[in-house]
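Notes follow the structure.
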Amino acid sequence: MNTLQQVLVHMRAGDWREAHNLVQSDDSLLAAWLHGILHIQEGDLEDAEYWYGKADRHFRSRGTLDEELARLEAELENH
C-alpha cells in the first residue's frame, strides 16, 4: 500500500490527524489534491481551495466529496 492509499484508509476511519501527517510527506500533485479533499471533509474550504490550486485543479468546479474520492482513487490505480 502506498502513502496515498494509507492516507485514504486514515481519512475513512476519521483519523484526520494521521491522514494529514502522511499526506504532507508526499509532494506530488495527487497528494496535493488528496490534501484538498481532506480539508473538504473537515469543512475547511479555504485550505481546500489552496491545496486544489497546488494540485492544478479547479476547486469551484469540483464534484461532491464522494465523486472527488472516486476520481482520485481512479487516478491512483492508473499510477
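Identifiers in this document derive from the order of the C-alpha cells: chains are assigned A, B, ..., residues are numbered from 1 separately in each chain, and ligands are numbered from 1 in order of occurrence.
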
Env of Gln6 (chain A): 8 Å cut, atoms = only C-alpha atoms, seq-sep filter 4 positions within chain, self excluded. Answer as a ChimeraX atom specification. /A:1-2,10,19,22

Compile the contact shell of region 23-35 of chain A as a VMD selection string: residues with an atom at most 7 Å away, counting only C-alpha atoms, same-chain residues fewer than 3 positions apart removed. chain A and resid 4 7 19 to 20 38 to 39 51 to 52 54 to 55

Which of chain A fall in alpha helix (DSSP H), as a PyMOL selection string: chain A and resi 3-12+16-23+29-42+45-54+65-77

Skipping near chain neighbours, those fewer than 3 positions away, what residues fall within 12 Å of Ile40 (chain A) using only C-alpha atoms, listed as number ranges by chain? A: 11, 16, 33-37, 43-52, 59-60, 62-66, 68-69

Selection to disk with N, CA and C atoms, as an mmCIF file, in the first residue's frame:
```cif
data_model
loop_
_atom_site.group_PDB
_atom_site.id
_atom_site.type_symbol
_atom_site.label_atom_id
_atom_site.label_comp_id
_atom_site.auth_asym_id
_atom_site.auth_seq_id
_atom_site.Cartn_x
_atom_site.Cartn_y
_atom_site.Cartn_z
ATOM 1 N N MET A 11 -8.245 8.552 6.494
ATOM 2 C CA MET A 11 -9.305 9.523 6.241
ATOM 3 C C MET A 11 -10.673 8.881 6.454
ATOM 4 N N TRP A 16 -8.106 12.043 11.020
ATOM 5 C CA TRP A 16 -7.645 13.135 10.158
ATOM 6 C C TRP A 16 -6.235 13.571 10.500
ATOM 7 N N TRP A 33 -3.932 17.168 -4.219
ATOM 8 C CA TRP A 33 -5.371 17.002 -4.446
ATOM 9 C C TRP A 33 -6.012 16.286 -3.257
ATOM 10 N N LEU A 34 -5.403 15.195 -2.806
ATOM 11 C CA LEU A 34 -5.937 14.467 -1.664
ATOM 12 C C LEU A 34 -5.927 15.337 -0.413
ATOM 13 N N HIS A 35 -4.910 16.153 -0.255
ATOM 14 C CA HIS A 35 -4.851 17.079 0.881
ATOM 15 C C HIS A 35 -6.045 18.031 0.818
ATOM 16 N N GLY A 36 -6.350 18.519 -0.379
ATOM 17 C CA GLY A 36 -7.520 19.378 -0.550
ATOM 18 C C GLY A 36 -8.815 18.661 -0.216
ATOM 19 N N ILE A 37 -8.933 17.417 -0.661
ATOM 20 C CA ILE A 37 -10.131 16.624 -0.369
ATOM 21 C C ILE A 37 -10.262 16.418 1.139
ATOM 22 N N GLY A 43 -14.369 20.323 6.416
ATOM 23 C CA GLY A 43 -15.156 21.548 6.360
ATOM 24 C C GLY A 43 -14.308 22.804 6.253
ATOM 25 N N ASP A 44 -13.028 22.662 5.990
ATOM 26 C CA ASP A 44 -12.093 23.783 5.872
ATOM 27 C C ASP A 44 -11.907 24.116 4.392
ATOM 28 N N LEU A 45 -12.883 24.837 3.827
ATOM 29 C CA LEU A 45 -12.889 25.071 2.386
ATOM 30 C C LEU A 45 -11.810 26.041 1.929
ATOM 31 N N GLU A 46 -11.403 26.956 2.780
ATOM 32 C CA GLU A 46 -10.339 27.891 2.403
ATOM 33 C C GLU A 46 -9.029 27.144 2.150
ATOM 34 N N ASP A 47 -8.650 26.272 3.077
ATOM 35 C CA ASP A 47 -7.438 25.476 2.875
ATOM 36 C C ASP A 47 -7.610 24.478 1.734
ATOM 37 N N ALA A 48 -8.821 23.936 1.585
ATOM 38 C CA ALA A 48 -9.088 23.004 0.482
ATOM 39 C C ALA A 48 -8.832 23.690 -0.856
ATOM 40 N N GLU A 49 -9.301 24.921 -0.986
ATOM 41 C CA GLU A 49 -9.099 25.653 -2.239
ATOM 42 C C GLU A 49 -7.604 25.877 -2.506
ATOM 43 N N TYR A 50 -6.851 26.182 -1.464
ATOM 44 C CA TYR A 50 -5.398 26.355 -1.595
ATOM 45 C C TYR A 50 -4.762 25.080 -2.149
ATOM 46 N N TRP A 51 -5.099 23.921 -1.554
ATOM 47 C CA TRP A 51 -4.479 22.670 -1.977
ATOM 48 C C TRP A 51 -4.930 22.246 -3.363
ATOM 49 N N TYR A 52 -6.161 22.561 -3.732
ATOM 50 C CA TYR A 52 -6.602 22.298 -5.106
ATOM 51 C C TYR A 52 -5.752 23.097 -6.088
ATOM 52 N N PHE A 59 -11.005 24.190 -8.011
ATOM 53 C CA PHE A 59 -11.764 23.949 -6.784
ATOM 54 C C PHE A 59 -13.257 24.182 -6.990
ATOM 55 N N ARG A 60 -13.606 25.260 -7.664
ATOM 56 C CA ARG A 60 -15.013 25.646 -7.779
ATOM 57 C C ARG A 60 -15.817 24.736 -8.706
ATOM 58 N N ARG A 62 -15.327 21.391 -8.704
ATOM 59 C CA ARG A 62 -15.132 20.038 -8.178
ATOM 60 C C ARG A 62 -16.481 19.344 -8.036
ATOM 61 N N GLY A 63 -16.420 18.040 -7.846
ATOM 62 C CA GLY A 63 -17.627 17.265 -7.577
ATOM 63 C C GLY A 63 -17.888 17.183 -6.088
ATOM 64 N N THR A 64 -18.783 16.294 -5.736
ATOM 65 C CA THR A 64 -19.057 16.046 -4.317
ATOM 66 C C THR A 64 -17.834 15.365 -3.703
ATOM 67 N N LEU A 65 -17.820 15.256 -2.401
ATOM 68 C CA LEU A 65 -16.721 14.591 -1.716
ATOM 69 C C LEU A 65 -16.561 13.159 -2.240
ATOM 70 N N ASP A 66 -17.676 12.434 -2.360
ATOM 71 C CA ASP A 66 -17.609 11.053 -2.854
ATOM 72 C C ASP A 66 -17.104 10.995 -4.292
ATOM 73 N N GLU A 68 -15.127 13.185 -5.789
ATOM 74 C CA GLU A 68 -13.706 13.532 -5.788
ATOM 75 C C GLU A 68 -12.864 12.340 -5.318
ATOM 76 N N LEU A 69 -13.323 11.663 -4.288
ATOM 77 C CA LEU A 69 -12.592 10.487 -3.808
ATOM 78 C C LEU A 69 -12.552 9.393 -4.871
#
```
